[in-house]
>>> print(open('input.csv').read())   # CSV, C-alpha atoms
chain,number,residue,atom,x,y,z
A,1,MET,CA,0.9,167.7,31.4
A,2,ARG,CA,-0.1,170.6,33.4
A,3,THR,CA,0.3,174.3,33.6
A,4,ILE,CA,3.4,176.0,34.8
A,5,ALA,CA,3.5,179.0,32.6
A,6,LEU,CA,4.7,181.7,35.0
A,7,PHE,CA,8.0,180.1,35.7
A,8,LEU,CA,8.8,179.3,32.1
A,9,PHE,CA,8.1,182.9,31.3
A,10,LEU,CA,10.3,184.2,34.1
A,11,LEU,CA,13.0,181.7,33.0
A,12,ASN,CA,13.0,183.0,29.4
A,13,CYS,CA,13.2,186.6,30.7
A,14,CYS,CA,16.2,185.8,32.8
A,15,LEU,CA,17.9,183.9,30.0
A,16,LEU,CA,17.3,186.6,27.5
A,17,HIS,CA,18.4,189.4,29.9
A,18,ALA,CA,21.6,187.5,30.6
A,19,GLN,CA,22.5,187.5,26.9
A,20,GLU,CA,21.8,191.2,26.2
A,21,LYS,CA,25.5,192.0,25.6
A,22,ILE,CA,26.2,189.1,23.3
A,23,LEU,CA,25.1,188.0,19.9
A,24,LYS,CA,21.4,187.1,19.9
A,25,PRO,CA,20.6,185.2,16.6
A,26,PHE,CA,17.0,183.9,16.2
A,27,ASP,CA,14.7,182.3,13.8
A,28,ILE,CA,10.9,182.4,13.3
A,29,GLU,CA,8.6,179.6,12.3
A,30,ALA,CA,5.1,179.4,10.9
A,31,ASP,CA,3.1,176.1,11.0
A,32,LEU,CA,-0.3,174.8,9.9
A,33,PHE,CA,-1.7,171.8,11.8
A,34,TYR,CA,-4.5,169.3,11.4
A,35,GLY,CA,-5.4,166.7,14.0
A,36,THR,CA,-7.9,165.0,16.3
A,37,ILE,CA,-9.1,165.3,19.8
A,38,LEU,CA,-8.1,162.3,21.8
A,39,GLU,CA,-10.8,160.6,23.9
A,40,HIS,CA,-8.9,160.4,27.1
A,41,ASN,CA,-12.1,160.6,29.0
A,42,PRO,CA,-15.5,159.1,27.8
A,43,ASP,CA,-17.2,162.2,29.3
A,44,ILE,CA,-16.0,164.3,26.4
A,45,SER,CA,-16.9,161.9,23.6
A,46,HIS,CA,-19.9,164.1,22.5
A,47,LEU,CA,-17.5,167.0,21.9
A,48,ILE,CA,-15.3,165.1,19.4
A,49,THR,CA,-17.1,165.7,16.1
A,50,GLU,CA,-14.5,166.8,13.4
A,51,HIS,CA,-10.7,167.3,13.0
A,52,PRO,CA,-9.3,170.5,14.6
A,53,THR,CA,-7.2,172.8,12.6
A,54,GLY,CA,-4.9,175.7,13.4
A,55,ILE,CA,-1.8,177.7,13.0
A,56,MET,CA,1.4,178.2,15.1
A,57,LEU,CA,3.8,181.1,15.0
A,58,ALA,CA,7.1,180.8,17.0
A,59,TYR,CA,10.1,182.9,17.8
A,60,ASN,CA,13.3,181.0,18.8
A,61,ARG,CA,16.3,182.7,20.4
A,62,LYS,CA,19.5,180.6,19.8
A,63,THR,CA,22.0,179.7,22.5
A,64,TYR,CA,25.6,179.0,21.8
A,65,GLY,CA,27.1,178.0,25.2
A,66,PHE,CA,27.7,181.3,26.9
A,67,GLU,CA,26.4,179.6,30.0
A,68,ASP,CA,27.4,176.2,31.2
A,69,TRP,CA,23.8,174.8,31.2
A,70,GLU,CA,23.5,175.6,27.5
A,71,ARG,CA,26.4,173.4,26.6
A,72,ARG,CA,25.1,170.5,28.8
A,73,TYR,CA,21.8,170.5,27.0
A,74,ASN,CA,23.2,170.8,23.5
A,75,PHE,CA,22.5,174.5,22.9
A,76,PRO,CA,18.7,174.6,23.2
A,77,ASP,CA,16.5,177.5,22.0
A,78,VAL,CA,14.4,179.6,24.3
A,79,GLY,CA,11.4,181.4,22.8
A,80,TYR,CA,7.7,182.0,22.5
A,81,THR,CA,4.8,180.4,20.6
A,82,PHE,CA,1.4,181.7,19.6
A,83,ALA,CA,-1.3,179.2,18.5
A,84,TYR,CA,-4.8,179.5,17.2
A,85,GLN,CA,-7.0,176.4,17.2
A,86,ASP,CA,-10.4,175.8,15.8
A,87,MET,CA,-11.8,172.8,17.7
A,88,LYS,CA,-14.4,172.2,14.9
A,89,ASN,CA,-17.1,171.8,17.5
A,90,PHE,CA,-19.8,174.3,18.2
A,91,TYR,CA,-19.6,173.9,22.0
A,92,LEU,CA,-15.8,173.9,22.3
A,93,GLY,CA,-15.4,176.9,20.0
A,94,GLU,CA,-11.9,178.3,19.3
A,95,LEU,CA,-8.8,178.8,21.4
A,96,TYR,CA,-6.0,181.4,21.4
A,97,SER,CA,-2.9,180.4,23.3
A,98,GLY,CA,0.6,181.7,24.1
A,99,TYR,CA,3.6,179.8,25.4
A,100,ALA,CA,7.1,180.1,26.7
A,101,HIS,CA,9.1,177.2,25.3
A,102,TYR,CA,12.4,175.4,25.0
A,103,ASN,CA,13.6,173.6,21.8
A,104,PHE,CA,16.0,170.7,22.3
A,105,TYR,CA,18.0,169.3,19.4
A,106,TYR,CA,19.1,165.8,18.4
A,107,TRP,CA,20.7,164.0,15.4
A,108,LYS,CA,22.9,166.8,14.1
A,109,ARG,CA,20.3,169.4,15.1
A,110,ARG,CA,17.8,168.1,12.6
A,111,LEU,CA,15.3,166.7,15.1
A,112,GLN,CA,13.7,169.3,17.3
A,113,PHE,CA,11.7,168.7,20.5
A,114,ARG,CA,9.7,171.6,21.9
A,115,ILE,CA,8.1,171.8,25.3
A,116,GLY,CA,5.9,174.9,26.0
A,117,GLN,CA,3.8,176.1,28.8
A,118,GLY,CA,1.3,178.9,28.8
A,119,PHE,CA,-2.2,180.2,28.8
A,120,ALA,CA,-5.2,179.9,26.5
A,121,ILE,CA,-8.4,181.8,26.0
A,122,ALA,CA,-11.5,179.7,25.2
A,123,THR,CA,-14.2,181.5,23.2
A,124,LYS,CA,-17.0,179.2,24.4
A,125,PRO,CA,-16.4,178.0,28.0
A,126,TYR,CA,-18.9,176.1,30.1
A,127,ASP,CA,-22.0,178.1,31.1
A,128,ARG,CA,-24.9,176.4,32.9
A,129,GLU,CA,-27.4,178.4,30.9
A,130,THR,CA,-25.9,179.1,27.5
A,131,ASN,CA,-23.3,176.3,27.0
A,132,PHE,CA,-23.8,173.5,29.5
A,133,ILE,CA,-22.8,170.9,26.8
A,134,ASN,CA,-19.1,172.0,27.1
A,135,ASN,CA,-18.0,170.0,30.1
A,136,ALA,CA,-14.3,170.2,29.1
A,137,TYR,CA,-13.5,173.9,29.9
A,138,GLY,CA,-15.0,175.3,33.1
A,139,THR,CA,-13.2,178.7,32.7
A,140,ARG,CA,-12.5,181.1,29.9
A,141,VAL,CA,-8.8,181.3,30.8
A,142,LEU,CA,-7.1,177.9,30.7
A,143,SER,CA,-3.6,176.6,31.2
A,144,SER,CA,-2.0,174.8,28.2
A,145,THR,CA,0.9,172.5,27.6
A,146,MET,CA,2.4,171.9,24.2
A,147,LEU,CA,4.8,169.2,23.0
A,148,LYS,CA,6.1,169.4,19.4
A,149,PHE,CA,8.4,167.0,17.5
A,150,SER,CA,9.7,168.1,14.2
A,151,TYR,CA,12.3,167.3,11.5
A,152,LYS,CA,13.8,170.7,10.7
A,153,GLN,CA,16.0,171.7,7.9
A,154,ASN,CA,17.4,175.2,8.1
A,155,ASN,CA,18.6,177.5,5.3
A,156,ILE,CA,17.5,175.7,2.3
A,157,TRP,CA,17.4,178.9,0.4
A,158,ARG,CA,18.5,182.4,1.6
A,159,GLY,CA,17.7,181.7,5.2
A,160,PHE,CA,14.4,179.9,4.5
A,161,GLY,CA,13.9,176.3,5.7
A,162,ALA,CA,11.2,173.8,6.2
A,163,HIS,CA,10.0,171.5,9.0
A,164,ALA,CA,7.3,168.9,9.6
A,165,GLY,CA,6.2,166.6,12.5
A,166,PHE,CA,3.5,166.3,15.1
A,167,SER,CA,2.3,168.0,18.2
A,168,LEU,CA,0.2,167.4,21.3
A,169,ILE,CA,-1.7,170.3,22.9
A,170,HIS,CA,-3.4,170.0,26.3
A,171,TYR,CA,-6.0,172.5,27.6
A,172,SER,CA,-7.1,172.5,31.2
A,173,ASN,CA,-7.8,174.8,34.2
A,174,ALA,CA,-6.2,172.4,36.7
A,175,ASN,CA,-9.4,172.0,38.7
A,176,LEU,CA,-9.7,175.7,39.5
A,177,LYS,CA,-13.4,175.5,38.5
A,178,ALA,CA,-15.6,172.6,37.5
A,179,PRO,CA,-16.2,171.2,34.9
A,180,ASN,CA,-12.6,170.4,34.0
A,181,ASN,CA,-12.5,167.3,31.8
A,182,SER,CA,-9.9,169.1,29.5
A,183,THR,CA,-8.9,168.2,25.9
A,184,ASN,CA,-5.8,166.8,24.2
A,185,THR,CA,-5.2,167.5,20.6
A,186,TRP,CA,-2.9,165.3,18.6
A,187,ALA,CA,-2.0,167.0,15.3
A,188,PHE,CA,0.3,166.8,12.3
A,189,THR,CA,2.2,170.0,11.7
A,190,ALA,CA,4.2,171.4,8.7
A,191,GLY,CA,5.6,174.8,8.0
A,192,ILE,CA,8.5,177.1,7.1
A,193,ASN,CA,11.2,178.8,9.1
A,194,TYR,CA,13.4,181.8,8.4
A,195,PHE,CA,16.8,182.7,9.9
A,196,PRO,CA,17.4,186.5,9.2
A,197,ASN,CA,21.1,186.4,10.1
A,198,HIS,CA,22.0,183.0,8.7
A,199,GLU,CA,25.3,184.3,7.4
A,200,LYS,CA,26.4,185.6,10.8
A,201,MET,CA,26.1,182.5,12.9
A,202,PRO,CA,28.4,182.5,15.9
A,203,ASP,CA,30.3,179.3,16.7
A,204,PHE,CA,29.1,177.0,19.4
A,205,ILE,CA,31.3,177.1,22.5
A,206,PRO,CA,32.5,173.5,23.1
A,207,MET,CA,31.7,171.8,26.4
A,208,GLY,CA,35.3,171.0,27.3
A,209,GLU,CA,36.2,168.4,29.8
A,210,LYS,CA,33.3,167.0,31.8
A,211,THR,CA,33.6,167.4,35.6
A,212,LYS,CA,31.9,165.4,38.3
A,213,TYR,CA,29.6,167.3,40.6
A,214,SER,CA,27.5,166.3,43.6
A,215,GLU,CA,26.3,167.8,46.9
A,216,PRO,CA,25.6,166.3,50.3
A,217,LEU,CA,22.1,165.7,51.6
A,218,HIS,CA,20.0,168.8,52.2
A,219,TYR,CA,16.8,169.1,54.2
A,220,ASN,CA,13.8,171.2,52.9
A,221,LEU,CA,10.6,172.6,54.3
A,222,VAL,CA,7.9,173.8,51.9
A,223,VAL,CA,4.5,175.5,52.4
A,224,ARG,CA,2.2,175.3,49.4
A,225,SER,CA,-1.2,176.9,48.9
A,226,GLY,CA,-3.9,177.8,46.3
A,227,ALA,CA,-7.6,177.3,45.6
A,228,ASN,CA,-9.7,174.7,44.0
A,229,GLN,CA,-13.1,173.0,44.0
A,230,SER,CA,-14.6,169.6,43.7
A,231,ASP,CA,-16.0,168.1,40.4
A,232,ILE,CA,-19.5,169.2,41.4
A,233,ASN,CA,-20.5,171.9,38.9
A,234,ASN,CA,-21.0,175.4,40.5
A,235,SER,CA,-19.7,174.2,43.9
A,236,PRO,CA,-17.8,176.7,46.0
A,237,ARG,CA,-14.1,177.3,45.6
A,238,TYR,CA,-11.9,176.8,48.7
A,239,GLY,CA,-8.4,177.4,49.7
A,240,PHE,CA,-5.9,174.7,50.7
A,241,VAL,CA,-2.6,174.3,52.5
A,242,THR,CA,0.0,171.6,51.9
A,243,LEU,CA,3.0,171.2,54.3
A,244,THR,CA,6.0,169.3,52.9
A,245,GLY,CA,9.3,168.1,54.4
A,246,PHE,CA,11.8,166.3,52.1
A,247,VAL,CA,15.5,165.5,51.6
A,248,ASP,CA,17.3,166.1,48.3
A,249,LYS,CA,20.6,164.7,47.0
A,250,ARG,CA,22.3,166.4,44.1
A,251,ILE,CA,24.0,163.6,42.1
A,252,ASN,CA,25.3,165.6,39.1
A,253,HIS,CA,25.0,168.9,37.3
A,254,LYS,CA,21.6,168.0,35.9
A,255,SER,CA,19.8,165.8,38.5
A,256,SER,CA,18.8,165.6,42.1
A,257,LEU,CA,16.9,162.8,43.8
A,258,THR,CA,14.2,163.7,46.4
A,259,GLY,CA,12.1,161.9,49.0
A,260,GLY,CA,9.8,163.2,51.7
A,261,VAL,CA,6.4,163.5,53.4
A,262,ASP,CA,3.2,165.6,52.7
A,263,ALA,CA,0.4,166.8,54.9
A,264,PHE,CA,-2.7,167.9,52.9
A,265,PHE,CA,-5.4,170.2,54.3
A,266,ALA,CA,-7.8,170.7,51.4
A,267,ASN,CA,-11.0,172.4,52.4
A,268,PHE,CA,-12.9,171.4,49.3
A,269,LEU,CA,-12.8,167.8,50.6
A,270,LYS,CA,-14.5,168.8,53.8
A,271,GLU,CA,-17.4,170.3,51.8
A,272,LEU,CA,-17.4,167.3,49.3
A,273,ILE,CA,-17.8,164.8,52.2
A,274,ARG,CA,-20.6,166.9,53.7
A,275,TYR,CA,-22.3,167.2,50.3
A,276,GLU,CA,-22.1,163.4,49.5
A,277,SER,CA,-23.5,162.5,53.0
A,278,VAL,CA,-26.5,164.7,52.4
A,279,ALA,CA,-27.1,164.1,48.7
A,280,PHE,CA,-26.7,160.3,49.0
A,281,PRO,CA,-27.8,159.4,52.5
A,282,GLU,CA,-27.8,155.7,51.7
A,283,GLY,CA,-24.3,155.8,50.3
A,284,GLU,CA,-21.0,154.8,51.9
A,285,VAL,CA,-20.1,158.4,53.0
A,286,SER,CA,-21.4,159.1,56.6
A,287,GLY,CA,-20.1,162.7,56.8
A,288,ASP,CA,-17.8,162.0,59.7
A,289,GLU,CA,-14.8,161.1,57.5
A,290,ASP,CA,-11.6,163.0,58.1
A,291,TRP,CA,-10.8,165.4,55.3
A,292,LYS,CA,-7.0,165.5,56.0
A,293,ARG,CA,-4.5,163.3,54.1
A,294,PHE,CA,-0.9,162.4,54.7
A,295,GLY,CA,1.5,161.0,52.1
A,296,VAL,CA,5.0,160.0,51.3
A,297,PHE,CA,6.8,160.6,47.9
A,298,VAL,CA,9.9,160.1,45.9
A,299,GLY,CA,11.0,162.4,43.1
A,300,HIS,CA,13.5,163.9,40.7
A,301,GLU,CA,14.6,167.4,39.8
A,302,LEU,CA,16.1,168.3,36.4
A,303,HIS,CA,18.2,171.4,36.8
A,304,PHE,CA,18.5,174.3,34.3
A,305,ASN,CA,20.8,176.8,35.9
A,306,GLU,CA,18.6,178.4,38.7
A,307,MET,CA,15.5,176.6,37.5
A,308,SER,CA,14.5,173.0,37.9
A,309,PHE,CA,11.7,170.8,36.6
A,310,VAL,CA,10.1,168.9,39.4
A,311,SER,CA,8.5,165.4,39.1
A,312,GLN,CA,7.2,163.4,42.1
A,313,LEU,CA,5.2,160.3,42.7
A,314,GLY,CA,3.4,159.9,46.1
A,315,TYR,CA,1.2,157.5,48.1
A,316,TYR,CA,-1.3,158.4,50.8
A,317,VAL,CA,-0.5,156.6,54.0
A,318,TYR,CA,-3.4,158.2,55.8
A,319,TYR,CA,-6.5,158.2,53.5
A,320,PRO,CA,-9.8,158.2,55.4
A,321,TYR,CA,-11.9,159.4,52.4
A,322,ASP,CA,-11.6,157.9,48.9
A,323,PHE,CA,-10.9,160.6,46.4
A,324,GLU,CA,-9.3,159.7,43.0
A,325,GLY,CA,-7.1,156.9,44.5
A,326,ARG,CA,-4.2,156.6,46.9
A,327,PHE,CA,-1.4,157.5,44.4
A,328,TYR,CA,-0.7,161.1,43.5
A,329,ASN,CA,1.9,162.9,41.4
A,330,ARG,CA,3.3,166.4,40.9
A,331,LEU,CA,4.8,168.1,37.9
A,332,GLY,CA,6.1,171.7,37.9
A,333,LEU,CA,8.9,174.2,38.1
A,334,LYS,CA,11.0,175.5,40.9
A,335,ARG,CA,13.4,178.5,41.1
A,336,THR,CA,16.3,179.2,43.4
A,337,PHE,CA,16.4,182.6,45.2
A,338,GLY,CA,19.8,182.9,46.9
A,339,LYS,CA,21.3,180.1,48.9
A,340,HIS,CA,18.3,178.9,50.9
A,341,PHE,CA,14.9,180.1,49.4
A,342,ARG,CA,13.0,178.3,46.7
A,343,GLY,CA,9.8,179.3,44.9
A,344,SER,CA,7.7,176.7,43.1
A,345,MET,CA,4.5,176.2,41.0
A,346,VAL,CA,3.5,172.6,40.5
A,347,VAL,CA,0.3,170.7,39.5
A,348,LYS,CA,-0.8,168.0,41.9
A,349,ALA,CA,-2.8,165.3,40.2
A,350,HIS,CA,-4.0,161.7,40.4
A,351,GLY,CA,-2.8,160.3,37.1
A,352,ALA,CA,-4.1,162.6,34.4
A,353,LYS,CA,-6.7,164.1,36.7
A,354,ALA,CA,-5.5,167.4,38.2
A,355,GLU,CA,-6.5,168.3,41.7
A,356,ALA,CA,-4.9,171.7,42.1
A,357,VAL,CA,-2.1,174.1,41.2
A,358,GLU,CA,0.2,174.5,44.2
A,359,PHE,CA,2.2,177.7,44.7
A,360,GLY,CA,5.0,177.1,47.2
A,361,ILE,CA,7.7,178.8,49.1
A,362,GLY,CA,10.5,176.7,50.6
A,363,TYR,CA,13.6,176.8,52.6
A,364,ARG,CA,16.6,174.5,52.0
A,365,PHE,CA,18.9,173.9,55.0
>>> encode(input="input.csv", output="structure tokens")
Amino acid sequence: MRTIALFLFLLNCCLLHAQEKILKPFDIEADLFYGTILEHNPDISHLITEHPTGIMLAYNRKTYGFEDWERRYNFPDVGYTFAYQDMKNFYLGELYSGYAHYNFYYWKRRLQFRIGQGFAIATKPYDRETNFINNAYGTRVLSSTMLKFSYKQNNIWRGFGAHAGFSLIHYSNANLKAPNNSTNTWAFTAGINYFPNHEKMPDFIPMGEKTKYSEPLHYNLVVRSGANQSDINNSPRYGFVTLTGFVDKRINHKSSLTGGVDAFFANFLKELIRYESVAFPEGEVSGDEDWKRFGVFVGHELHFNEMSFVSQLGYYVYYPYDFEGRFYNRLGLKRTFGKHFRGSMVVKAHGAKAEAVEFGIGYRF
């Protein structure tokens, strides 16, 4: 779970703008939550002292099938969430976060699944002089991912309803600056919702007859870039470039399969190799190791109109220096601009350990 907030925000703006001339019903939600910080990494065990608490406020714009993708995904909501969380630990402090989100519905629209992406502000980030105990948040501004599952009952009385469930909230800076051990909060949530125009609900537009859809193979070239640093606290931050060539095959309205090759030129690895060879002269790193890496990957894209959610799993075929293992993965969002150009923002990671946020521009032949 990594941060991809900009594209979710842009997607929400596009969707809401497209519906300016139609009915725009919405509901609002307020939740209290109580949970625990999961020990996904033993390095943060000293920061898990009490049970975090917080509040969530959400705005949900309803969709009713005015666009084809809304009908394919069972009329999801698009909206925004604000959250406040007290981590109940002196060194972690408090977090204020905002998200763009989707709500997906199941079981007669009583089960709601929310996925949100956004940014958080940490009140007590790491500082080598005043807060060196906090090895979870290396920056004050963090990315944050939220998953929320609820049983939701609308309009119990005069537009007021209730809901309850659980959520998972992830905070990280995607290795923009060390330390970056991150936290994951598992919490129980309960609250109320209010639908101001519950008596003026438009009807859902039915899907109609399903049609098959596919596209031939397409070839893609992508250039990705950004900045990151090693896990050594207070080490310099360096830029990187990733070159990617891949093939995609659209198999239906929702899905595409992908496969391709990557070339990674990450300057922080060059510095990390030099540092380890000097700091640990009797270690296995000589300082002459190549800092470049090459990999192959397979992946999937889930399409939402002009947006798509990207997931990839890769393997380094050229791997002269051991850094976090030979397997890597990507999660993120991509947007179509015209017939050929694509913009993307993805998080490259090794399992749950983020390496970098990659901003990319691509061309599809």
>>> residues_around(input="input.csv", residues="Arg61 of chain A", least_positions_apart="6", cutoff="10 Å", atoms="only C-alpha atoms", output="ChimeraX atom specification")
/A:12,15-16,24-28,76-80,102-103
>>> residues_around(input="input.csv", residues="Ser150 of chain A", least_positions_apart="6", cutoff="12 Å", atoms="all atoms listed in the file", output="short mmCIF file (atom, residue, chain, number, x, y, z; two decimals) with C-alpha atoms, in the frame of the given file")
data_model
loop_
_atom_site.label_atom_id
_atom_site.label_comp_id
_atom_site.auth_asym_id
_atom_site.auth_seq_id
_atom_site.Cartn_x
_atom_site.Cartn_y
_atom_site.Cartn_z
CA GLU A 29 8.60 179.60 12.30
CA ASP A 31 3.10 176.10 11.00
CA ASN A 103 13.60 173.60 21.80
CA PHE A 104 16.00 170.70 22.30
CA TYR A 105 18.00 169.30 19.40
CA TYR A 106 19.10 165.80 18.40
CA TRP A 107 20.70 164.00 15.40
CA ARG A 109 20.30 169.40 15.10
CA ARG A 110 17.80 168.10 12.60
CA LEU A 111 15.30 166.70 15.10
CA GLN A 112 13.70 169.30 17.30
CA PHE A 113 11.70 168.70 20.50
CA ARG A 114 9.70 171.60 21.90
CA ILE A 115 8.10 171.80 25.30
CA ALA A 162 11.20 173.80 6.20
CA HIS A 163 10.00 171.50 9.00
CA ALA A 164 7.30 168.90 9.60
CA GLY A 165 6.20 166.60 12.50
CA PHE A 166 3.50 166.30 15.10
CA SER A 167 2.30 168.00 18.20
CA LEU A 168 0.20 167.40 21.30
CA ALA A 187 -2.00 167.00 15.30
CA PHE A 188 0.30 166.80 12.30
CA THR A 189 2.20 170.00 11.70
CA ALA A 190 4.20 171.40 8.70
CA GLY A 191 5.60 174.80 8.00
CA ILE A 192 8.50 177.10 7.10
CA ASN A 193 11.20 178.80 9.10
#
>>> closest_atom_pairs(input="input.csv", of="segment 45-121 of chain A", to="segment 242-262 of chain A", cutoff="10 Å", atoms="all atoms listed in the file", output="tab-separated table")
residue	atom	partner	partner_atom	distance
A:Asp68	CA	A:His253	CA	9.8
A:Trp69	CA	A:Lys254	CA	8.6
A:Arg72	CA	A:Lys254	CA	8.3
A:Tyr73	CA	A:Lys254	CA	9.2
>>> closest_residue(input="input.csv", among="A:Leu313, A:Val296, A:Val346, A:Ile44", to="Ser182 of chain A", atoms="all atoms listed in the file")
A:Ile44
>>> closest_residue(input="input.csv", among="A:Trp291, A:Phe341, A:Phe280, A:Phe304", to="Phe323 of chain A", atoms="only C-alpha atoms")
A:Trp291
>>> residues_around(input="input.csv", residues="Glu306 of chain A", least_positions_apart="4", cutoff="9 Å", atoms="only C-alpha atoms", output="ChimeraX atom specification")
/A:11,334-337
>>> closest_residue(input="input.csv", among="A:Thr81, A:Ser225, A:Ser172, A:Asn220", to="Ala122 of chain A", atoms="all atoms listed in the file")
A:Ser172
>>> atom_distance(input="input.csv", atom1="atom CA of Ser230 of chain A", atom2="atom CA of Phe297 of chain A")
23.6 Å
>>> atom_distance(input="input.csv", atom1="atom CA of Phe66 of chain A", atom2="atom CA of Arg158 of chain A")
26.9 Å
>>> atom_distance(input="input.csv", atom1="atom CA of Asn267 of chain A", atom2="atom CA of Pro236 of chain A")
10.3 Å
>>> residues_near_point(input="input.csv", point="(31.0, 179.3, 21.0)", cutoff="9 Å", atoms="only C-alpha atoms", output="list in words")
Tyr64, Gly65, Phe66, Pro202, Asp203, Phe204, Ile205 and Pro206 of chain A
>>> residues_around(input="input.csv", residues="Ile48 of chain A", least_positions_apart="2", cutoff="8 Å", atoms="all atoms listed in the file", output="mmCIF file with C-alpha atoms, in the coordinates of the input")
data_model
loop_
_atom_site.group_PDB
_atom_site.id
_atom_site.type_symbol
_atom_site.label_atom_id
_atom_site.label_comp_id
_atom_site.auth_asym_id
_atom_site.auth_seq_id
_atom_site.Cartn_x
_atom_site.Cartn_y
_atom_site.Cartn_z
ATOM 1 C CA ILE A 37 -9.100 165.300 19.800
ATOM 2 C CA GLU A 39 -10.800 160.600 23.900
ATOM 3 C CA ILE A 44 -16.000 164.300 26.400
ATOM 4 C CA SER A 45 -16.900 161.900 23.600
ATOM 5 C CA HIS A 46 -19.900 164.100 22.500
ATOM 6 C CA GLU A 50 -14.500 166.800 13.400
ATOM 7 C CA ASN A 89 -17.100 171.800 17.500
#
